[in-house]
Each structure stands twice: as C-alpha cells, then as structure tokens.
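**Q** Sharing model-v5.txt (compact mmCIF, C-alpha atoms) below.
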```
# COMPACT_ATOMS: atom_id res chain seq x y z
CA MET A 916 121.56 116.73 84.11
CA THR A 917 119.76 119.10 81.75
CA ARG A 918 116.76 121.10 82.87
CA HIS A 919 114.46 118.93 80.77
CA TRP A 920 115.66 115.70 82.25
CA ARG A 921 115.38 117.16 85.74
CA LEU A 922 111.73 118.05 85.00
CA LEU A 923 111.09 114.57 83.68
CA ALA A 924 112.60 113.02 86.80
CA LEU A 925 110.43 115.28 88.96
CA LEU A 926 107.30 114.30 87.02
CA ALA A 927 108.18 110.63 87.32
CA LEU A 928 108.64 111.03 91.06
CA ALA A 929 105.32 112.89 91.36
CA ALA A 930 103.59 110.15 89.37
CA PHE A 931 105.17 107.51 91.59
CA CYS A 932 103.81 109.27 94.68
CA LEU A 933 100.24 109.50 93.32
CA PRO A 934 97.82 107.55 95.45
CA GLY A 935 96.01 104.67 93.87
CA CYS A 936 92.69 103.07 94.70
CA LEU A 937 91.97 99.37 94.51
CA PHE A 938 88.33 98.31 94.41
CA HIS A 939 88.03 94.59 95.04
CA ARG A 940 84.94 92.50 95.46
CA THR A 941 84.69 88.84 96.40
CA ARG A 942 81.53 86.84 96.07
CA SER A 943 81.25 83.25 97.18
CA ASN A 944 78.75 80.53 96.36
CA GLU A 945 76.54 82.73 94.18
CA HIS A 946 74.75 79.61 92.89
CA VAL A 947 72.89 79.49 96.20
CA LEU A 948 70.73 82.38 94.92
CA ASP A 949 69.29 80.02 92.31
CA LEU A 950 68.17 77.32 94.73
CA ASP A 951 64.49 76.55 94.40
CA THR A 952 62.74 75.72 97.66
CA ALA A 953 59.26 75.38 96.13
CA SER A 954 59.17 71.61 96.53
CA ILE A 955 60.14 71.66 100.21
CA ARG A 956 57.15 71.13 102.48
CA VAL A 957 57.21 71.68 106.21
CA GLY A 958 56.15 68.53 108.05
CA GLN A 959 56.63 66.36 104.96
CA THR A 960 60.00 66.70 103.26
CA THR A 961 62.85 64.75 104.81
CA TRP A 962 66.55 65.56 105.29
CA SER A 963 67.55 63.23 102.45
CA GLU A 964 64.93 64.69 100.12
CA VAL A 965 66.18 68.23 100.78
CA LEU A 966 69.71 67.09 99.97
CA ASP A 967 68.43 65.40 96.81
CA THR A 968 66.79 68.68 95.76
CA LEU A 969 69.29 71.33 96.84
CA GLY A 970 72.51 69.38 97.27
CA PRO A 971 74.62 69.72 100.40
CA PRO A 972 75.44 73.21 101.73
CA ALA A 973 79.02 74.42 101.40
CA VAL A 974 81.16 76.69 103.52
CA ALA A 975 81.38 80.30 102.31
CA ASN A 976 85.00 80.47 103.39
CA GLN A 977 87.39 77.54 103.40
CA ASN A 978 88.46 78.27 106.98
CA GLU A 979 84.95 77.93 108.35
CA ASP A 980 83.63 74.86 110.13
CA ILE A 981 81.28 72.80 107.96
CA GLY A 982 79.39 71.97 111.15
CA THR A 983 77.97 75.51 111.06
CA TYR A 984 76.30 74.66 107.78
CA LEU A 985 75.46 71.02 108.02
CA SER A 986 73.98 68.69 110.63
CA GLU A 987 71.03 66.35 110.96
CA ARG A 988 69.03 69.21 112.49
CA HIS A 989 69.83 71.96 110.02
CA LEU A 990 71.16 72.84 106.57
CA LEU A 991 72.43 76.38 105.97
CA TYR A 992 73.07 77.73 102.46
CA ARG A 993 74.91 81.06 102.34
CA VAL A 994 76.16 83.55 99.75
CA THR A 995 78.67 86.13 100.98
CA ASP A 996 79.81 89.36 99.39
CA SER A 997 82.95 91.17 100.48
CA ARG A 998 83.76 94.71 99.32
CA ASP A 999 87.22 96.06 99.77
CA LEU A 1000 88.60 99.51 99.04
CA THR A 1001 92.33 100.05 99.51
CA LEU A 1002 94.14 103.38 99.19
CA ILE A 1003 97.68 102.81 98.03
CA ILE A 1004 100.40 105.43 98.28
CA PRO A 1005 103.50 103.78 96.81
CA PRO A 1006 106.20 105.25 99.08
CA VAL A 1007 104.34 104.16 102.19
CA ALA A 1008 102.78 101.07 100.63
CA VAL A 1009 99.50 100.02 102.22
CA LEU A 1010 98.86 101.15 105.75
CA PRO A 1011 96.11 99.53 107.82
CA PHE A 1012 94.10 102.74 108.20
CA MET A 1013 94.05 103.16 104.44
CA ARG A 1014 92.19 99.93 103.91
CA TRP A 1015 88.50 99.52 104.30
CA ALA A 1016 86.52 96.35 103.86
CA ASP A 1017 83.00 95.18 104.45
CA THR A 1018 81.91 91.56 104.34
CA GLU A 1019 78.39 91.69 105.61
CA GLU A 1020 76.31 91.14 102.54
CA TYR A 1021 74.87 87.70 102.52
CA HIS A 1022 71.85 85.71 101.57
CA GLU A 1023 71.04 82.78 103.80
CA LEU A 1024 68.64 79.91 103.43
CA LEU A 1025 68.23 77.93 106.64
CA ILE A 1026 66.27 74.69 106.75
CA THR A 1027 65.67 73.08 110.12
CA PHE A 1028 64.57 69.53 110.90
CA ASP A 1029 62.78 67.86 113.77
CA GLU A 1030 64.05 64.78 115.62
CA ASP A 1031 62.66 62.50 112.94
CA GLY A 1032 64.53 64.30 110.19
CA VAL A 1033 61.48 66.06 108.74
CA VAL A 1034 61.58 69.74 107.77
CA ASP A 1035 60.14 71.92 110.52
CA GLY A 1036 61.26 75.35 109.26
CA VAL A 1037 62.48 77.18 106.16
CA PHE A 1038 63.91 80.66 106.63
CA VAL A 1039 65.56 83.25 104.41
CA GLU A 1040 67.66 86.11 105.74
CA GLU A 1041 69.34 88.86 103.73
CA VAL A 1042 71.72 91.55 104.91
CA GLY A 1043 73.16 94.24 102.67
CA SER A 1044 76.69 95.58 102.66
CA ILE A 1045 77.97 99.13 102.63
CA TRP A 1046 80.36 100.40 99.98
CA GLU A 1047 81.45 103.97 100.59
CA LEU A 1048 83.96 104.78 103.31
CA THR A 1049 81.64 107.47 104.63
CA GLN A 1050 78.83 105.05 105.35
CA ASP A 1051 78.50 103.41 108.69
CA GLU A 1052 76.81 100.20 109.75
CA GLU A 1053 73.47 101.91 110.28
CA ASP A 1054 73.31 102.43 106.52
CA ARG A 1055 73.39 98.71 105.98
CA HIS A 1056 70.06 97.51 104.69
CA ARG A 1057 68.82 94.57 106.63
CA VAL A 1058 65.83 92.54 105.56
CA PRO A 1059 64.03 90.81 108.43
CA VAL A 1060 64.18 87.04 108.45
CA ARG A 1061 61.46 85.71 106.22
CA SER A 1062 59.88 82.45 107.21
CA LEU A 1063 58.81 80.35 104.26
CA GLY A 1064 57.15 77.96 106.65
CA GLY A 1065 57.62 76.35 110.02
CA THR A 1066 57.48 77.30 113.65
CA SER A 1067 61.03 77.12 115.01
CA MET B 408 107.86 117.39 68.69
CA SER B 409 111.18 117.46 70.46
CA ARG B 410 112.90 114.33 71.67
CA PHE B 411 112.19 115.41 75.23
CA GLY B 412 108.47 115.81 74.49
CA LEU B 413 108.30 112.36 72.95
CA THR B 414 110.10 110.85 75.93
CA LEU B 415 107.73 112.64 78.31
CA MET B 416 104.65 111.43 76.42
CA ALA B 417 105.95 107.89 76.20
CA SER B 418 106.72 107.90 79.93
CA LEU B 419 103.25 109.17 80.84
CA LEU B 420 101.63 106.66 78.50
CA LEU B 421 103.62 103.85 80.06
CA LEU B 422 102.73 104.98 83.57
CA THR B 423 99.01 105.21 82.88
CA THR B 424 98.64 102.08 80.78
CA GLY B 425 96.15 99.62 82.17
CA GLY B 426 96.94 95.98 82.66
CA CYS B 427 94.74 92.95 83.14
CA SER B 428 95.34 90.25 85.69
CA TRP B 429 93.89 86.83 86.25
CA GLY B 430 94.26 84.65 89.30
CA ARG B 431 93.05 81.14 90.07
CA GLN B 432 92.86 79.45 93.44
CA ARG B 433 91.87 75.84 93.79
CA VAL B 434 90.84 74.46 97.16
CA ASN B 435 91.77 70.88 98.01
CA VAL B 436 91.57 68.01 95.55
CA GLU B 437 90.50 68.62 91.95
CA GLY B 438 87.93 66.57 90.04
CA MET B 439 85.81 65.37 92.97
CA HIS B 440 82.73 65.03 90.76
CA ALA B 441 84.57 62.67 88.42
CA ARG B 442 86.11 60.73 91.30
CA ALA B 443 82.70 60.20 92.90
CA GLU B 444 81.32 58.67 89.71
CA ALA B 445 83.27 55.50 90.53
CA LEU B 446 81.33 55.03 93.78
CA ARG B 447 78.21 52.86 94.06
CA PRO B 448 75.76 53.28 96.96
CA GLY B 449 75.02 49.91 98.55
CA VAL B 450 78.29 48.49 97.24
CA SER B 451 81.25 50.79 97.90
CA THR B 452 82.92 50.52 101.28
CA GLN B 453 84.85 53.20 103.16
CA GLU B 454 88.09 51.72 101.78
CA HIS B 455 86.76 52.05 98.23
CA VAL B 456 85.75 55.63 98.94
CA LEU B 457 89.19 56.51 100.28
CA ALA B 458 90.81 54.98 97.21
CA ALA B 459 88.47 56.74 94.78
CA MET B 460 88.55 60.16 96.42
CA GLY B 461 92.30 60.00 96.95
CA THR B 462 92.23 61.61 100.35
CA HIS B 463 90.66 61.47 103.78
CA PRO B 464 87.51 63.54 104.38
CA ASN B 465 87.76 67.00 105.90
CA ARG B 466 85.20 66.05 108.49
CA VAL B 467 83.56 62.89 109.81
CA MET B 468 80.14 63.31 111.40
CA ASP B 469 78.26 60.80 113.51
CA LEU B 470 74.65 60.37 112.47
CA LYS B 471 71.72 58.64 114.10
CA ASN B 472 71.47 54.83 114.05
CA ASP B 473 75.27 54.38 114.06
CA LYS B 474 75.54 55.91 110.61
CA GLU B 475 78.42 58.11 109.62
CA ALA B 476 78.85 60.99 107.16
CA TRP B 477 82.10 61.88 105.46
CA VAL B 478 82.38 65.45 104.27
CA TYR B 479 84.86 66.61 101.65
CA ILE B 480 85.35 70.32 100.97
CA PHE B 481 86.77 71.52 97.68
CA GLY B 482 86.35 74.42 95.30
CA ASP B 483 87.65 76.98 92.91
CA GLY B 484 88.25 80.73 92.86
CA LYS B 485 88.70 83.06 89.89
CA THR B 486 89.93 86.64 90.16
CA GLU B 487 90.03 89.03 87.24
CA GLY B 488 91.38 92.57 87.44
CA PHE B 489 91.96 95.68 85.38
CA ASN B 490 94.79 97.65 86.90
CA MET B 491 95.47 101.20 85.84
CA PHE B 492 98.05 103.41 87.42
CA ILE B 493 95.84 105.23 89.88
CA VAL B 494 92.86 102.95 90.06
CA ALA B 495 92.36 99.20 89.87
CA PHE B 496 89.23 97.07 89.69
CA GLN B 497 89.16 93.42 90.67
CA LYS B 498 86.48 90.85 91.24
CA SER B 499 86.83 87.38 92.70
CA ASN B 500 84.23 84.69 92.26
CA ILE B 501 84.58 81.80 94.66
CA GLY B 502 82.70 78.55 94.59
CA LEU B 503 83.20 76.13 97.44
CA ASP B 504 81.63 72.70 97.32
CA THR B 505 80.73 69.90 99.64
CA ALA B 506 80.72 66.22 98.87
CA MET B 507 78.80 64.41 101.57
CA LEU B 508 78.79 60.63 101.72
CA THR B 509 76.79 58.69 104.28
CA PHE B 510 77.62 55.16 105.40
CA ASP B 511 75.50 52.59 107.18
CA ALA B 512 76.57 50.91 110.43
CA ASN B 513 78.63 48.40 108.41
CA GLY B 514 80.64 51.10 106.65
CA VAL B 515 78.93 50.65 103.28
CA LEU B 516 78.13 53.74 101.24
CA GLU B 517 74.45 54.54 101.58
CA ASP B 518 74.03 57.87 99.83
CA MET B 519 76.09 60.72 98.42
CA TRP B 520 75.47 64.32 97.48
CA ILE B 521 77.83 66.79 95.82
CA SER B 522 77.14 70.50 95.37
CA ASN B 523 77.96 72.40 92.18
CA ASN B 524 79.03 75.86 93.36
CA SER B 525 82.45 75.65 91.71
CA GLN B 526 81.14 74.41 88.37
CA GLU B 527 80.93 76.97 85.54
CA LEU B 528 82.39 79.67 87.75
CA GLU B 529 82.67 82.87 85.70
CA TRP B 530 85.56 85.27 85.26
CA GLU B 531 84.24 88.72 86.12
CA LEU B 532 85.97 92.08 86.29
CA TRP B 533 83.57 94.78 87.41
CA PRO B 534 83.29 95.03 91.22
CA PHE B 535 80.33 97.40 91.32
CA GLY B 536 76.64 96.98 90.70
CA ASP B 537 74.28 94.23 91.73
CA GLU B 538 73.16 96.60 94.43
CA ASP B 539 69.61 95.46 93.95
CA ASP B 540 70.34 91.73 94.07
CA LEU B 541 68.76 91.43 97.46
CA GLU B 542 65.72 93.47 96.45
CA HIS B 543 65.27 91.13 93.46
CA ASP B 544 65.42 88.18 95.80
CA GLN B 545 62.81 89.74 98.02
CA ASP B 546 60.48 90.41 95.10
CA SER B 547 60.76 86.92 93.67
```
Can you turn what I pasted into structure tokens?

**A**
Amino acid sequence: MTRHWRLLALLALAAFCLPGCLFHRTRSNEHVLDLDTASIRVGQTTWSEVLDTLGPPAVANQNEDIGTYLSERHLLYRVTDSRDLTLIIPPVAVLPFMRWADTEEYHELLITFDEDGVVDGVFVEEVGSIWELTQDEEDRHRVPVRSLGGTS
Amino acid sequence: MSRFGLTLMASLLLLTTGGCSWGRQRVNVEGMHARAEALRPGVSTQEHVLAAMGTHPNRVMDLKNDKEAWVYIFGDGKTEGFNMFIVAFQKSNIGLDTAMLTFDANGVLEDMWISNNSQELEWELWPFGDEDDLEHDQDS
C-alpha cells in the first residue's frame, strides 16, 4: 500500500470513529393547544356538550390507558413533548449512558364533572421540558395549575 | 490536483453529505372517520358498528343508566430527519385519535364523537425552538 493510500485509510478510520449527535423531538396531539374552552360554563355545560365542542380526548401514547383520559367524571386533553439527544460513536454504537431524553413538557386541559354530568371544574396545567444535558430537573419551568373555573 | 487529492476530496464529500429521511407510523385501523360516516345514531346497532368499523373497540366502558361506550384508538405519526455525518436532526409529529360511540341499554347507537388529532399532521424537520409555546399559552 502506498503512503497516500495508507493516509487515506487512516483518515477514513478517523472519520468513522467521529462521534455523532442525534437531536430528536417527538410531539404528540399538538392540536390540543388549539382547543377553545370559552363556551364551557361551570355548573351549566354537560358531558355531551363538552364532547360536542372539543371532541373526545385521545391518549398521548398508544400504550397508555384511555381510562386515564376519559370517564364520565373527567376528560383530560394532553400534549406531550419529548426531547432526545443521543451521542453516537460508531465503533461502540449507542451506549445507554450516551443517551439523554426528557419527556416532561406537556400541556393539559382537565375538565371534571359532577354526578349529574355537569362541568364542575376546568383546569390547565403546563410543565416545561429541559433540553441541555447539563440542566437538571430544577431548571424545568413549571406553571402552577390554572383554574378556569370550578371548585374541585 | 492529483488523483489522490481528488479521491480524498470525494471521500470526504461522501462522508459529510447530508441525507433526508421520512418515516410514517400508523396506529390501528385506517380511515375511521370515513368508516364512521356509515353509522346513524338512533338506528345503528352494535352489530352494524362492528361491521362498519371493521374491528372490535380498544375499550368498552360502562356508563350510567346501563349505557355503554365503545372507544376506538387510532392515529398517525410522521418523522422527518436531516442526517449529516456528525449531526442529525429529526422531528416526529404524532396524532392519536379517539372515536367514542355510546349505546343505549338496547345496544343502539346513541351518540358518537371522533377527534381530529391525526388529520393534517405536518411533516417537520427542525427539533428546536417553540421554547416559548407554553408562555404563549399562558398569555392567551
């Protein structure tokens, strides 16, 4: 092998060993952010009327139980946001400690109903996610639950 | 430029060239909105619903007054990526939907609701930004 080809092979090997970064983000049910709750009145609007206005809630992940989101006493609408940073070094592939993910960002709209199926509470909760590896959970911005009406 | 130089440049170019990727993931049965159009509240029975939807519900819930709710879960996911040699960006948009059908005590369809999260789902590439989404929501 000539000197040049040896150098080329060395460069190719060095390039192969270069670490790579994969930034991946997954957002589910973003349409929930557009739901308009203005017509929902505590003490007046019924379960069926809320479903007529907002549609039924959906799971944010197909492995979740729909019962968490839907019953005669509550309807929960949720957007989730997952951020994933993976460090890839080809010769060692992807090791668990080289992967970092955060799935905490969500926007939730919870509507609760009394025994007669009438709205008795409308609540919004928002929790932010963290992105950089150096951040910890204390850096997560958390907005207190906002009540748009109701007592429960 | 020497033949070696050209080979080196071509190799480096090949190694650093970016590539795009697209991925699609469908959840459960397709076309639930269209299938549900064949159903008529007050007329359709549970047998009709099974025939129209083409599958059993994911969940059956008991409601008050001997009523029953059938819940179907379906959806769509779109992932777009730009993959360079040392860095790759990918974003997945997922829309999961619920079709909820309620039946009276005689098993006749009373009402139905279907969400639209998986409709008009966009292909998106850039995973960053939208940091102030939540702040916007708070302000509005």

**Q** Contacts between chain A and chain B, please, where a residue of chain B counts if it comes within 9 Å (with all atoms listed in the file); show its shortest atom pair and distance in Å to one decimal, rows by chain and ascending number, as CSV.

**A**
```
residue,atom,partner,partner_atom,distance
B:Phe411,CA,A:His919,CA,6.9
B:Thr414,CA,A:Leu923,CA,8.7
B:Leu415,CA,A:Leu923,CA,6.6
B:Ser418,CA,A:Ala927,CA,8.0
B:Leu419,CA,A:Ala927,CA,8.3
B:Leu422,CA,A:Ala930,CA,7.8
B:Val434,CA,A:Gln977,CA,7.8
B:Asn465,CA,A:Ile981,CA,8.9
B:Arg466,CA,A:Ile981,CA,7.8
B:Met468,CA,A:Ser986,CA,8.2
B:Leu470,CA,A:Glu987,CA,7.2
B:Lys471,CA,A:Glu987,CA,8.4
B:Val478,CA,A:Ile981,CA,8.3
B:Ile480,CA,A:Ala973,CA,7.6
B:Phe481,CA,A:Gln977,CA,8.3
B:Gly482,CA,A:Gln977,CA,8.7
B:Gly484,CA,A:Ser943,CA,8.6
B:Thr486,CA,A:Thr941,CA,8.4
B:Gly488,CA,A:His939,CA,8.5
B:Asn490,CA,A:Leu937,CA,8.3
B:Met491,CA,A:Gly935,CA,8.8
B:Phe492,CA,A:Gly935,CA,6.9
B:Ile493,CA,A:Gly935,CA,4.0
B:Val494,CA,A:Cys936,CA,4.6
B:Ala495,CA,A:Leu937,CA,4.7
B:Phe496,CA,A:Phe938,CA,5.0
B:Gln497,CA,A:His939,CA,4.7
B:Lys498,CA,A:Arg940,CA,4.8
B:Ser499,CA,A:Thr941,CA,4.5
B:Asn500,CA,A:Arg942,CA,5.1
B:Ile501,CA,A:Ser943,CA,4.4
B:Gly502,CA,A:Asn944,CA,4.8
B:Leu503,CA,A:Ala973,CA,6.0
B:Asp504,CA,A:Ala973,CA,5.1
B:Thr505,CA,A:Ala973,CA,5.1
B:Ala506,CA,A:Pro971,CA,7.2
B:Met507,CA,A:Pro971,CA,6.9
B:Asp518,CA,A:Ser963,CA,8.8
B:Trp520,CA,A:Gly970,CA,5.9
B:Ile521,CA,A:Gly970,CA,6.1
B:Ser522,CA,A:Gly970,CA,5.1
B:Asn523,CA,A:His946,CA,7.9
B:Asn524,CA,A:Asn944,CA,5.6
B:Ser525,CA,A:Asn944,CA,7.7
B:Trp533,CA,A:Arg940,CA,8.5
B:Pro534,CA,A:Arg940,CA,5.2
B:Phe535,CA,A:Arg940,CA,7.9
B:Glu538,CA,A:Gly1043,CA,8.6
B:Leu541,CA,A:Glu1041,CA,6.8
B:Asp544,CA,A:Leu948,CA,7.9
B:Gln545,CA,A:Val1058,CA,8.6
```

**Q** Based on the selection just made, write C-alpha atoms of those residues as a compact mmCIF listing (two decimals), in the coordinates of the input.

**A**
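So the final result, stored in out_36.txt, reads:
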```
# COMPACT_ATOMS: atom_id res chain seq x y z
CA PHE B 411 112.19 115.41 75.23
CA THR B 414 110.10 110.85 75.93
CA LEU B 415 107.73 112.64 78.31
CA SER B 418 106.72 107.90 79.93
CA LEU B 419 103.25 109.17 80.84
CA LEU B 422 102.73 104.98 83.57
CA VAL B 434 90.84 74.46 97.16
CA ASN B 465 87.76 67.00 105.90
CA ARG B 466 85.20 66.05 108.49
CA MET B 468 80.14 63.31 111.40
CA LEU B 470 74.65 60.37 112.47
CA LYS B 471 71.72 58.64 114.10
CA VAL B 478 82.38 65.45 104.27
CA ILE B 480 85.35 70.32 100.97
CA PHE B 481 86.77 71.52 97.68
CA GLY B 482 86.35 74.42 95.30
CA GLY B 484 88.25 80.73 92.86
CA THR B 486 89.93 86.64 90.16
CA GLY B 488 91.38 92.57 87.44
CA ASN B 490 94.79 97.65 86.90
CA MET B 491 95.47 101.20 85.84
CA PHE B 492 98.05 103.41 87.42
CA ILE B 493 95.84 105.23 89.88
CA VAL B 494 92.86 102.95 90.06
CA ALA B 495 92.36 99.20 89.87
CA PHE B 496 89.23 97.07 89.69
CA GLN B 497 89.16 93.42 90.67
CA LYS B 498 86.48 90.85 91.24
CA SER B 499 86.83 87.38 92.70
CA ASN B 500 84.23 84.69 92.26
CA ILE B 501 84.58 81.80 94.66
CA GLY B 502 82.70 78.55 94.59
CA LEU B 503 83.20 76.13 97.44
CA ASP B 504 81.63 72.70 97.32
CA THR B 505 80.73 69.90 99.64
CA ALA B 506 80.72 66.22 98.87
CA MET B 507 78.80 64.41 101.57
CA ASP B 518 74.03 57.87 99.83
CA TRP B 520 75.47 64.32 97.48
CA ILE B 521 77.83 66.79 95.82
CA SER B 522 77.14 70.50 95.37
CA ASN B 523 77.96 72.40 92.18
CA ASN B 524 79.03 75.86 93.36
CA SER B 525 82.45 75.65 91.71
CA TRP B 533 83.57 94.78 87.41
CA PRO B 534 83.29 95.03 91.22
CA PHE B 535 80.33 97.40 91.32
CA GLU B 538 73.16 96.60 94.43
CA LEU B 541 68.76 91.43 97.46
CA ASP B 544 65.42 88.18 95.80
CA GLN B 545 62.81 89.74 98.02
```

**Q** Work out how far atom CA of Ser954 of chain A is from atom CA of Phe1028 of chain A, in Å to one decimal.

**A**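 Computing it gives 15.5 Å between the two atoms.
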
**Q** Could you put an axis-aligned box around every listed atom of segment 487-505 of chain B, padded by 6 Å on each side, and send me its centre and edge lengths in Å to one decimal, as JSON?

**A**
```
{"center_x": 89.4, "center_y": 87.6, "center_z": 92.5, "size_x": 29.3, "size_y": 47.3, "size_z": 26.3}
```

**Q** Quick one: pull the distance between atom CA of Gly438 of chain B and atom CA of Glu529 of chain B, Å, one decimal.

**A**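 Separation between atom CA of Gly438 of chain B and atom CA of Glu529 of chain B: 17.7 Å.
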
**Q** Give the answer as one residue: which of B:Thr509, B:Ser409, B:Gln526, B:Val436 has the shortest atom-to-atom distance to Val467 of chain B, using all atoms listed in the file?

**A**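 Using all atoms listed in the file, Val467 of chain B sits closest to B:Thr509.
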
**Q** To one decimal place, how far is atom CA of Asp1035 of chain A from atom CA of Leu990 of chain A in Å?

**A**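 Atom CA of Leu990 of chain A lies 11.7 Å from atom CA of Asp1035 of chain A.
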
**Q** For Gly449 of chain B, please output as a PyMOL selection string all residues within 10 Å (counting all atoms listed in the file; exclusion window: fewer than 4 positions along the same chain).

**A** chain B and resi 510-511+514-518
